[in-house]
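What's in final.cif: mmCIF, C-alpha atoms
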```cif
data_work
#
loop_
_atom_site.label_atom_id
_atom_site.label_comp_id
_atom_site.auth_asym_id
_atom_site.auth_seq_id
_atom_site.Cartn_x
_atom_site.Cartn_y
_atom_site.Cartn_z
CA MET T 99 10.54 -19.16 17.16
CA TYR T 100 11.29 -15.51 17.72
CA GLY T 101 9.83 -12.70 15.64
CA LEU T 102 10.29 -9.00 15.15
CA ILE T 103 8.07 -6.45 13.44
CA GLY T 104 9.71 -3.07 13.23
CA LYS T 105 9.55 0.23 11.40
CA ILE T 106 12.51 2.24 10.20
CA ASN T 107 12.17 5.81 8.99
CA ALA T 108 14.44 6.72 6.09
CA ILE T 109 15.73 10.10 5.09
CA GLN T 110 13.46 11.60 2.47
CA GLY T 111 14.28 10.23 -0.96
CA GLN T 112 16.63 7.57 0.39
CA ARG T 113 14.14 4.83 1.21
CA ASP T 114 14.95 2.59 -1.74
CA VAL T 115 18.70 2.91 -1.21
CA LEU T 116 18.22 1.90 2.41
CA ILE T 117 15.97 -1.02 1.40
CA SER T 118 18.69 -2.32 -0.90
CA ILE T 119 21.19 -2.24 1.94
CA LEU T 120 18.74 -3.94 4.30
CA MET T 121 18.23 -6.81 1.87
CA GLU T 122 21.92 -7.47 1.23
CA GLY T 123 23.30 -10.78 2.47
CA VAL T 124 19.96 -11.93 3.79
CA GLN T 125 20.55 -15.39 2.33
CA ASP T 126 23.46 -15.93 4.70
CA LEU T 127 21.67 -15.32 7.99
CA GLN T 128 21.92 -18.50 10.06
CA GLY T 129 18.67 -19.39 11.79
CA CYS T 130 16.62 -16.84 9.87
CA LEU T 131 13.30 -18.32 8.71
CA SER T 132 11.78 -15.21 7.17
CA TYR T 133 12.99 -11.66 6.59
CA ILE T 134 10.83 -9.36 4.53
CA VAL T 135 11.47 -5.71 3.79
CA ALA T 136 8.50 -3.57 2.75
CA ARG T 137 7.58 0.00 1.94
CA ASP T 138 4.85 1.57 4.06
CA ARG T 139 1.99 2.53 1.74
CA SER T 140 0.97 5.65 3.62
CA ASP T 141 4.36 6.93 4.79
CA PRO T 142 6.75 7.65 1.90
CA ASN T 143 9.76 7.29 4.19
CA GLY T 144 8.61 4.28 6.17
CA ILE T 145 10.10 0.80 5.91
CA TRP T 146 8.77 -2.28 7.69
CA ILE T 147 10.94 -5.27 8.44
CA THR T 148 9.22 -8.45 9.56
CA GLU T 149 11.52 -11.20 10.75
CA VAL T 150 11.23 -14.76 12.03
CA TRP T 151 14.19 -16.50 13.63
CA GLN T 152 14.70 -19.98 14.95
CA ASP T 153 15.20 -18.41 18.37
CA GLN T 154 16.23 -15.13 19.93
CA ALA T 155 19.85 -16.25 20.15
CA SER T 156 20.15 -16.64 16.38
CA HIS T 157 18.80 -13.12 15.89
CA GLN T 158 21.25 -11.78 18.44
CA ALA T 159 24.15 -13.67 16.82
CA SER T 160 23.33 -12.22 13.41
CA LEU T 161 23.99 -8.70 14.68
CA SER T 162 27.66 -9.58 15.13
CA LEU T 163 28.18 -10.82 11.57
CA PRO T 164 30.66 -8.68 9.59
CA SER T 165 28.18 -8.39 6.71
CA VAL T 166 25.45 -7.14 9.05
CA GLN T 167 27.82 -4.77 10.84
CA ASP T 168 28.86 -3.40 7.47
CA ALA T 169 25.24 -2.93 6.37
CA ILE T 170 24.42 -1.16 9.65
CA ALA T 171 27.38 1.16 9.19
CA ARG T 172 26.34 2.07 5.65
CA GLY T 173 22.65 2.32 6.41
CA ARG T 174 22.88 4.40 9.57
CA SER T 175 23.27 7.73 7.80
CA LEU T 176 20.10 7.06 5.79
CA ILE T 177 17.92 6.52 8.88
CA THR T 178 16.15 9.31 10.74
CA GLY T 179 14.79 7.05 13.45
CA PHE T 180 12.94 3.94 14.44
CA GLY T 181 9.19 3.64 14.77
CA GLU T 182 7.00 0.89 16.12
CA ARG T 183 8.64 -2.34 17.28
CA TYR T 184 6.87 -5.51 18.32
CA GLU T 185 8.40 -8.76 19.52
CA THR T 186 6.55 -11.97 18.82
CA ASN T 187 6.63 -15.73 19.09
CA PRO T 188 5.55 -16.94 15.67
CA ALA T 189 3.27 -19.98 15.75
CA GLY T 190 3.43 -20.95 12.08
CA GLY T 191 1.93 -20.23 8.73
CA LEU T 192 3.16 -20.03 5.20
CA GLY T 193 6.61 -19.02 3.94
CA LEU T 194 8.80 -20.05 6.84
CA ILE T 195 12.06 -21.49 5.58
CA SER T 196 12.88 -25.03 6.68
CA ILE T 197 16.29 -25.30 8.28
CA MET H 191 3.46 -7.17 -4.03
CA TYR H 192 0.94 -6.21 -1.39
CA GLY H 193 1.50 -6.65 2.34
CA LEU H 194 -0.45 -6.44 5.54
CA ILE H 195 0.73 -6.28 9.13
CA GLY H 196 -2.15 -6.44 11.57
CA LYS H 197 -2.96 -7.18 15.17
CA ILE H 198 -5.95 -9.14 16.42
CA ASN H 199 -6.95 -9.20 20.07
CA ALA H 200 -8.29 -12.53 21.28
CA ILE H 201 -10.63 -13.20 24.16
CA GLN H 202 -8.60 -14.05 27.24
CA GLY H 203 -7.52 -17.67 27.21
CA GLN H 204 -8.64 -18.22 23.61
CA ARG H 205 -5.57 -16.97 21.76
CA ASP H 206 -4.22 -20.39 20.77
CA VAL H 207 -7.62 -21.61 19.61
CA LEU H 208 -7.93 -18.54 17.43
CA ILE H 209 -4.39 -19.00 16.11
CA SER H 210 -5.26 -22.55 15.03
CA ILE H 211 -8.29 -21.28 13.12
CA LEU H 212 -6.23 -18.50 11.52
CA MET H 213 -3.68 -21.00 10.21
CA GLU H 214 -6.19 -23.41 8.71
CA GLY H 215 -6.17 -23.77 4.95
CA VAL H 216 -3.32 -21.33 4.52
CA GLN H 217 -1.70 -23.66 1.98
CA ASP H 218 -4.59 -23.11 -0.40
CA LEU H 219 -4.48 -19.32 -0.65
CA GLN H 220 -3.89 -18.41 -4.27
CA GLY H 221 -1.36 -15.62 -4.69
CA CYS H 222 -0.25 -15.71 -1.06
CA LEU H 223 3.55 -15.47 -0.76
CA SER H 224 3.85 -15.36 3.02
CA TYR H 225 1.36 -15.61 5.88
CA ILE H 226 2.74 -15.83 9.40
CA VAL H 227 0.73 -15.92 12.60
CA ALA H 228 2.51 -14.92 15.80
CA ARG H 229 1.84 -14.37 19.49
CA ASP H 230 2.65 -10.92 20.85
CA ARG H 231 5.30 -11.35 23.54
CA SER H 232 4.07 -8.54 25.77
CA ASP H 233 0.30 -8.85 25.29
CA PRO H 234 -1.06 -12.27 26.29
CA ASN H 235 -4.12 -11.82 24.08
CA GLY H 236 -2.39 -10.27 21.07
CA ILE H 237 -1.90 -11.98 17.72
CA TRP H 238 0.06 -10.55 14.80
CA ILE H 239 -0.56 -11.62 11.24
CA THR H 240 1.98 -10.58 8.64
CA GLU H 241 1.00 -11.27 5.05
CA VAL H 242 2.49 -10.86 1.60
CA TRP H 243 0.35 -11.27 -1.50
CA GLN H 244 1.14 -11.19 -5.18
CA ASP H 245 -1.10 -8.14 -5.41
CA GLN H 246 -4.01 -6.54 -3.58
CA ALA H 247 -6.53 -8.32 -5.81
CA SER H 248 -5.34 -11.77 -4.69
CA HIS H 249 -5.74 -10.75 -1.07
CA GLN H 250 -9.21 -9.42 -1.75
CA ALA H 251 -10.18 -12.58 -3.64
CA SER H 252 -9.07 -14.79 -0.75
CA LEU H 253 -11.68 -13.21 1.51
CA SER H 254 -14.43 -14.74 -0.63
CA LEU H 255 -13.12 -18.30 -0.39
CA PRO H 256 -15.52 -20.66 1.42
CA SER H 257 -12.67 -21.90 3.66
CA VAL H 258 -11.78 -18.33 4.66
CA GLN H 259 -15.42 -17.37 5.17
CA ASP H 260 -15.82 -20.41 7.38
CA ALA H 261 -12.72 -19.54 9.41
CA ILE H 262 -13.94 -15.96 9.85
CA ALA H 263 -17.32 -17.22 11.05
CA ARG H 264 -15.74 -19.55 13.61
CA GLY H 265 -13.06 -17.10 14.71
CA ARG H 266 -15.26 -14.03 15.12
CA SER H 267 -16.57 -14.98 18.56
CA LEU H 268 -12.99 -15.36 19.86
CA ILE H 269 -11.96 -11.82 18.84
CA THR H 270 -12.44 -8.77 21.05
CA GLY H 271 -11.14 -6.35 18.45
CA PHE H 272 -8.49 -5.35 15.99
CA GLY H 273 -5.38 -3.36 16.82
CA GLU H 274 -2.72 -1.80 14.64
CA ARG H 275 -2.93 -2.32 10.88
CA TYR H 276 -0.32 -1.33 8.33
CA GLU H 277 -0.45 -1.78 4.58
CA THR H 278 2.81 -2.24 2.73
CA ASN H 279 4.42 -2.88 -0.60
CA PRO H 280 6.99 -5.59 0.10
CA ALA H 281 10.26 -5.15 -1.78
CA GLY H 282 11.79 -8.57 -1.16
CA GLY H 283 13.77 -10.55 1.31
CA LEU H 284 13.81 -14.11 2.51
CA GLY H 285 10.93 -16.58 2.76
CA LEU H 286 8.67 -15.35 -0.01
CA ILE H 287 7.08 -18.30 -1.78
CA SER H 288 7.71 -18.55 -5.50
CA ILE H 289 4.53 -18.84 -7.52
#
```

Spit out the file's structure as structure tokens when you get a sec.
Amino acid sequence: MYGLIGKINAIQGQRDVLISILMEGVQDLQGCLSYIVARDRSDPNGIWITEVWQDQASHQASLSLPSVQDAIARGRSLITGFGERYETNPAGGLGLISI
Amino acid sequence: MYGLIGKINAIQGQRDVLISILMEGVQDLQGCLSYIVARDRSDPNGIWITEVWQDQASHQASLSLPSVQDAIARGRSLITGFGERYETNPAGGLGLISI
């Protein structure tokens, strides 16, 4: 499995709009086992996305999907930058979708 | 919802043993919607745990469970320290268990 933990910084006041965009179409991501979008509790503009994919290739492939490209295009103007980013190899746990 | 993203640093060579302990009994955690244990890809001793709970109280309550206390007791000697820790309010996504 391949995992990503990453922070996105939203324009002030636009965090929830950006979160909505980030959660669109998540059901259709092939090879995606978990994808959770969360508000940082201490940073009012911070968003965390934690992802688990079957493998790195399925994550890479998702970036080419028209729905993802469209979400990126609409979300870009609401983002001031990217924060921390960690790549992982998930071992297991609770909440991974069976595919 | 209440979320945690945290890093644990294992003693060299003991990461997979610690991961096994961390994943024990995860099925029995009341109010836990997601709990994923992952290896850091760039730090050979690093473990990331990403958690989503129904609320902060259910996370707090889990720490008192005998099974969790037992895991903490056995895992403690394999840990050199704790790294980054972020608290979140998850908004949604894919892979959250329905309870």

Would you kindly report the residues of chain H within 10 Å of chain T, using only C-alpha atoms, as a PDB file with C-alpha atoms, in the coordinates of the input?
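Written out: out_10.pdb:
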```
ATOM      1  CA  MET H 191       3.460  -7.170  -4.030  1.00  0.00           C
ATOM      2  CA  TYR H 192       0.940  -6.210  -1.390  1.00  0.00           C
ATOM      3  CA  GLY H 193       1.500  -6.650   2.340  1.00  0.00           C
ATOM      4  CA  LEU H 194      -0.450  -6.440   5.540  1.00  0.00           C
ATOM      5  CA  ILE H 195       0.730  -6.280   9.130  1.00  0.00           C
ATOM      6  CA  ASP H 206      -4.220 -20.390  20.770  1.00  0.00           C
ATOM      7  CA  ILE H 209      -4.390 -19.000  16.110  1.00  0.00           C
ATOM      8  CA  SER H 210      -5.260 -22.550  15.030  1.00  0.00           C
ATOM      9  CA  LEU H 212      -6.230 -18.500  11.520  1.00  0.00           C
ATOM     10  CA  MET H 213      -3.680 -21.000  10.210  1.00  0.00           C
ATOM     11  CA  GLU H 214      -6.190 -23.410   8.710  1.00  0.00           C
ATOM     12  CA  GLY H 215      -6.170 -23.770   4.950  1.00  0.00           C
ATOM     13  CA  VAL H 216      -3.320 -21.330   4.520  1.00  0.00           C
ATOM     14  CA  GLN H 217      -1.700 -23.660   1.980  1.00  0.00           C
ATOM     15  CA  LEU H 219      -4.480 -19.320  -0.650  1.00  0.00           C
ATOM     16  CA  CYS H 222      -0.250 -15.710  -1.060  1.00  0.00           C
ATOM     17  CA  LEU H 223       3.550 -15.470  -0.760  1.00  0.00           C
ATOM     18  CA  SER H 224       3.850 -15.360   3.020  1.00  0.00           C
ATOM     19  CA  TYR H 225       1.360 -15.610   5.880  1.00  0.00           C
ATOM     20  CA  ILE H 226       2.740 -15.830   9.400  1.00  0.00           C
ATOM     21  CA  VAL H 227       0.730 -15.920  12.600  1.00  0.00           C
ATOM     22  CA  ALA H 228       2.510 -14.920  15.800  1.00  0.00           C
ATOM     23  CA  ARG H 229       1.840 -14.370  19.490  1.00  0.00           C
ATOM     24  CA  ASP H 230       2.650 -10.920  20.850  1.00  0.00           C
ATOM     25  CA  ARG H 231       5.300 -11.350  23.540  1.00  0.00           C
ATOM     26  CA  SER H 232       4.070  -8.540  25.770  1.00  0.00           C
ATOM     27  CA  ASP H 233       0.300  -8.850  25.290  1.00  0.00           C
ATOM     28  CA  GLY H 236      -2.390 -10.270  21.070  1.00  0.00           C
ATOM     29  CA  ILE H 237      -1.900 -11.980  17.720  1.00  0.00           C
ATOM     30  CA  TRP H 238       0.060 -10.550  14.800  1.00  0.00           C
ATOM     31  CA  ILE H 239      -0.560 -11.620  11.240  1.00  0.00           C
ATOM     32  CA  THR H 240       1.980 -10.580   8.640  1.00  0.00           C
ATOM     33  CA  GLU H 241       1.000 -11.270   5.050  1.00  0.00           C
ATOM     34  CA  VAL H 242       2.490 -10.860   1.600  1.00  0.00           C
ATOM     35  CA  TYR H 276      -0.320  -1.330   8.330  1.00  0.00           C
ATOM     36  CA  GLU H 277      -0.450  -1.780   4.580  1.00  0.00           C
ATOM     37  CA  THR H 278       2.810  -2.240   2.730  1.00  0.00           C
ATOM     38  CA  ASN H 279       4.420  -2.880  -0.600  1.00  0.00           C
ATOM     39  CA  PRO H 280       6.990  -5.590   0.100  1.00  0.00           C
ATOM     40  CA  ALA H 281      10.260  -5.150  -1.780  1.00  0.00           C
ATOM     41  CA  GLY H 282      11.790  -8.570  -1.160  1.00  0.00           C
ATOM     42  CA  GLY H 283      13.770 -10.550   1.310  1.00  0.00           C
ATOM     43  CA  LEU H 284      13.810 -14.110   2.510  1.00  0.00           C
ATOM     44  CA  GLY H 285      10.930 -16.580   2.760  1.00  0.00           C
ATOM     45  CA  LEU H 286       8.670 -15.350  -0.010  1.00  0.00           C
ATOM     46  CA  ILE H 287       7.080 -18.300  -1.780  1.00  0.00           C
ATOM     47  CA  SER H 288       7.710 -18.550  -5.500  1.00  0.00           C
TER      48      SER H 288
END
```

Any chance you could fit chain H onto chain T with least squares, all Cα atoms in order, and share the moved copy as a PDB file with C-alpha atoms, in the coordinates of the input?
```
ATOM      1  CA  MET H 191      10.543 -19.164  17.155  1.00  0.00           C
ATOM      2  CA  TYR H 192      11.298 -15.509  17.717  1.00  0.00           C
ATOM      3  CA  GLY H 193       9.828 -12.693  15.637  1.00  0.00           C
ATOM      4  CA  LEU H 194      10.284  -9.000  15.145  1.00  0.00           C
ATOM      5  CA  ILE H 195       8.069  -6.457  13.433  1.00  0.00           C
ATOM      6  CA  GLY H 196       9.711  -3.060  13.238  1.00  0.00           C
ATOM      7  CA  LYS H 197       9.548   0.221  11.402  1.00  0.00           C
ATOM      8  CA  ILE H 198      12.513   2.244  10.194  1.00  0.00           C
ATOM      9  CA  ASN H 199      12.170   5.813   8.979  1.00  0.00           C
ATOM     10  CA  ALA H 200      14.437   6.713   6.081  1.00  0.00           C
ATOM     11  CA  ILE H 201      15.732  10.115   5.096  1.00  0.00           C
ATOM     12  CA  GLN H 202      13.460  11.593   2.454  1.00  0.00           C
ATOM     13  CA  GLY H 203      14.282  10.233  -0.973  1.00  0.00           C
ATOM     14  CA  GLN H 204      16.635   7.564   0.391  1.00  0.00           C
ATOM     15  CA  ARG H 205      14.133   4.830   1.213  1.00  0.00           C
ATOM     16  CA  ASP H 206      14.954   2.570  -1.740  1.00  0.00           C
ATOM     17  CA  VAL H 207      18.694   2.900  -1.200  1.00  0.00           C
ATOM     18  CA  LEU H 208      18.220   1.888   2.409  1.00  0.00           C
ATOM     19  CA  ILE H 209      15.962  -1.006   1.402  1.00  0.00           C
ATOM     20  CA  SER H 210      18.694  -2.329  -0.902  1.00  0.00           C
ATOM     21  CA  ILE H 211      21.208  -2.244   1.947  1.00  0.00           C
ATOM     22  CA  LEU H 212      18.735  -3.941   4.301  1.00  0.00           C
ATOM     23  CA  MET H 213      18.244  -6.827   1.873  1.00  0.00           C
ATOM     24  CA  GLU H 214      21.924  -7.477   1.246  1.00  0.00           C
ATOM     25  CA  GLY H 215      23.304 -10.775   2.467  1.00  0.00           C
ATOM     26  CA  VAL H 216      19.961 -11.923   3.796  1.00  0.00           C
ATOM     27  CA  GLN H 217      20.554 -15.383   2.317  1.00  0.00           C
ATOM     28  CA  ASP H 218      23.444 -15.928   4.698  1.00  0.00           C
ATOM     29  CA  LEU H 219      21.657 -15.327   7.997  1.00  0.00           C
ATOM     30  CA  GLN H 220      21.927 -18.483  10.058  1.00  0.00           C
ATOM     31  CA  GLY H 221      18.679 -19.392  11.786  1.00  0.00           C
ATOM     32  CA  CYS H 222      16.626 -16.839   9.866  1.00  0.00           C
ATOM     33  CA  LEU H 223      13.297 -18.314   8.712  1.00  0.00           C
ATOM     34  CA  SER H 224      11.766 -15.207   7.165  1.00  0.00           C
ATOM     35  CA  TYR H 225      12.992 -11.656   6.596  1.00  0.00           C
ATOM     36  CA  ILE H 226      10.814  -9.353   4.523  1.00  0.00           C
ATOM     37  CA  VAL H 227      11.461  -5.701   3.795  1.00  0.00           C
ATOM     38  CA  ALA H 228       8.487  -3.581   2.762  1.00  0.00           C
ATOM     39  CA  ARG H 229       7.574   0.006   1.944  1.00  0.00           C
ATOM     40  CA  ASP H 230       4.846   1.573   4.068  1.00  0.00           C
ATOM     41  CA  ARG H 231       1.996   2.523   1.741  1.00  0.00           C
ATOM     42  CA  SER H 232       0.958   5.645   3.628  1.00  0.00           C
ATOM     43  CA  ASP H 233       4.353   6.936   4.787  1.00  0.00           C
ATOM     44  CA  PRO H 234       6.748   7.647   1.905  1.00  0.00           C
ATOM     45  CA  ASN H 235       9.769   7.303   4.187  1.00  0.00           C
ATOM     46  CA  GLY H 236       8.604   4.278   6.174  1.00  0.00           C
ATOM     47  CA  ILE H 237      10.099   0.801   5.922  1.00  0.00           C
ATOM     48  CA  TRP H 238       8.772  -2.283   7.695  1.00  0.00           C
ATOM     49  CA  ILE H 239      10.945  -5.272   8.437  1.00  0.00           C
ATOM     50  CA  THR H 240       9.222  -8.445   9.558  1.00  0.00           C
ATOM     51  CA  GLU H 241      11.522 -11.203  10.753  1.00  0.00           C
ATOM     52  CA  VAL H 242      11.233 -14.751  12.026  1.00  0.00           C
ATOM     53  CA  TRP H 243      14.193 -16.482  13.638  1.00  0.00           C
ATOM     54  CA  GLN H 244      14.709 -19.973  14.950  1.00  0.00           C
ATOM     55  CA  ASP H 245      15.190 -18.419  18.375  1.00  0.00           C
ATOM     56  CA  GLN H 246      16.229 -15.126  19.940  1.00  0.00           C
ATOM     57  CA  ALA H 247      19.860 -16.250  20.153  1.00  0.00           C
ATOM     58  CA  SER H 248      20.137 -16.642  16.365  1.00  0.00           C
ATOM     59  CA  HIS H 249      18.805 -13.135  15.889  1.00  0.00           C
ATOM     60  CA  GLN H 250      21.250 -11.780  18.430  1.00  0.00           C
ATOM     61  CA  ALA H 251      24.146 -13.658  16.822  1.00  0.00           C
ATOM     62  CA  SER H 252      23.329 -12.220  13.396  1.00  0.00           C
ATOM     63  CA  LEU H 253      23.991  -8.706  14.672  1.00  0.00           C
ATOM     64  CA  SER H 254      27.664  -9.588  15.135  1.00  0.00           C
ATOM     65  CA  LEU H 255      28.182 -10.812  11.574  1.00  0.00           C
ATOM     66  CA  PRO H 256      30.668  -8.680   9.604  1.00  0.00           C
ATOM     67  CA  SER H 257      28.180  -8.393   6.705  1.00  0.00           C
ATOM     68  CA  VAL H 258      25.448  -7.143   9.052  1.00  0.00           C
ATOM     69  CA  GLN H 259      27.818  -4.778  10.848  1.00  0.00           C
ATOM     70  CA  ASP H 260      28.851  -3.400   7.483  1.00  0.00           C
ATOM     71  CA  ALA H 261      25.237  -2.928   6.388  1.00  0.00           C
ATOM     72  CA  ILE H 262      24.414  -1.161   9.659  1.00  0.00           C
ATOM     73  CA  ALA H 263      27.387   1.162   9.195  1.00  0.00           C
ATOM     74  CA  ARG H 264      26.348   2.070   5.649  1.00  0.00           C
ATOM     75  CA  GLY H 265      22.641   2.309   6.417  1.00  0.00           C
ATOM     76  CA  ARG H 266      22.871   4.393   9.585  1.00  0.00           C
ATOM     77  CA  SER H 267      23.269   7.725   7.797  1.00  0.00           C
ATOM     78  CA  LEU H 268      20.085   7.064   5.777  1.00  0.00           C
ATOM     79  CA  ILE H 269      17.912   6.519   8.877  1.00  0.00           C
ATOM     80  CA  THR H 270      16.153   9.326  10.733  1.00  0.00           C
ATOM     81  CA  GLY H 271      14.799   7.051  13.435  1.00  0.00           C
ATOM     82  CA  PHE H 272      12.958   3.937  14.429  1.00  0.00           C
ATOM     83  CA  GLY H 273       9.202   3.638  14.775  1.00  0.00           C
ATOM     84  CA  GLU H 274       6.999   0.886  16.129  1.00  0.00           C
ATOM     85  CA  ARG H 275       8.643  -2.340  17.288  1.00  0.00           C
ATOM     86  CA  TYR H 276       6.869  -5.515  18.323  1.00  0.00           C
ATOM     87  CA  GLU H 277       8.411  -8.754  19.512  1.00  0.00           C
ATOM     88  CA  THR H 278       6.556 -11.968  18.813  1.00  0.00           C
ATOM     89  CA  ASN H 279       6.622 -15.710  19.102  1.00  0.00           C
ATOM     90  CA  PRO H 280       5.557 -16.940  15.668  1.00  0.00           C
ATOM     91  CA  ALA H 281       3.281 -19.979  15.745  1.00  0.00           C
ATOM     92  CA  GLY H 282       3.429 -20.951  12.077  1.00  0.00           C
ATOM     93  CA  GLY H 283       1.927 -20.228   8.736  1.00  0.00           C
ATOM     94  CA  LEU H 284       3.174 -20.037   5.197  1.00  0.00           C
ATOM     95  CA  GLY H 285       6.614 -19.035   3.926  1.00  0.00           C
ATOM     96  CA  LEU H 286       8.795 -20.054   6.841  1.00  0.00           C
ATOM     97  CA  ILE H 287      12.062 -21.490   5.565  1.00  0.00           C
ATOM     98  CA  SER H 288      12.877 -25.014   6.664  1.00  0.00           C
ATOM     99  CA  ILE H 289      16.281 -25.309   8.276  1.00  0.00           C
TER     100      ILE H 289
END
```

request  = Please check which residues have atoms at most 10 Å from (-10.4, -20.2, 0.8) in the file's coordinates, counting all atoms listed in the file, and write them as a list of chain:residue names.
outcome  = H:Glu214, H:Gly215, H:Val216, H:Gln217, H:Asp218, H:Leu219, H:Gln220, H:Ala251, H:Ser252, H:Leu253, H:Ser254, H:Leu255, H:Pro256, H:Ser257, H:Val258, H:Gln259, H:Asp260, H:Ala261

request  = Determine the residue membership of the PyMOL selection byres ((chain T and resi 152) around 6) for the file above and supply it as a ChimeraX atom specification.
outcome  = /T:99,129,151,153

task = Return the single residue from H:Ile211, H:Ala247, H:Ala263, H:Leu268 that is closest to Asn199 in chain H, with distances computed using all atoms listed in the file.
result = H:Leu268

task = Could you please determine the separation between CA of Val115 in chain T and CA of Phe180 in chain T in Å, to one decimal place?
result =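 Separation of CA of Val115 in chain T and CA of Phe180 in chain T: 16.7 Å.
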
task = Please indicate the distance in Å from CA of Gly111 in chain T to CA of Arg172 in chain T, rounded to one decimal place.
result = 16.0 Å

Would you give the centre and edge lengths, in Å to one decimal, of a box along x, y and z around the listed atoms of range 112-125 of chain T, with 3 Å added to each side, as JSON?
```
{"center_x": 18.7, "center_y": -3.9, "center_z": 1.3, "size_x": 15.2, "size_y": 29.0, "size_z": 12.0}
```

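You will find CA of Lys105 in chain T at 14.1 Å from CA of Arg174 in chain T.
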
request  = Using the chain letters and numbers from the file, give me the residues hit by the PyMOL selection byres ((chain H and resi 274) around 6), as a ChimeraX atom specification.
outcome  = /H:196-197,273,275

Please return, as a compact mmCIF listing (two decimals) with C-alpha atoms, in the coordinates of the input, all polymer residues that have at least one atom within 7 Å of the point (-7.1, -14.5, 25.5); use all atoms listed in the file and the file's own coordinate frame.
```txt
# COMPACT_ATOMS: atom_id res chain seq x y z
CA ALA H 200 -8.29 -12.53 21.28
CA ILE H 201 -10.63 -13.20 24.16
CA GLN H 202 -8.60 -14.05 27.24
CA GLY H 203 -7.52 -17.67 27.21
CA GLN H 204 -8.64 -18.22 23.61
CA ARG H 205 -5.57 -16.97 21.76
CA PRO H 234 -1.06 -12.27 26.29
CA ASN H 235 -4.12 -11.82 24.08
```
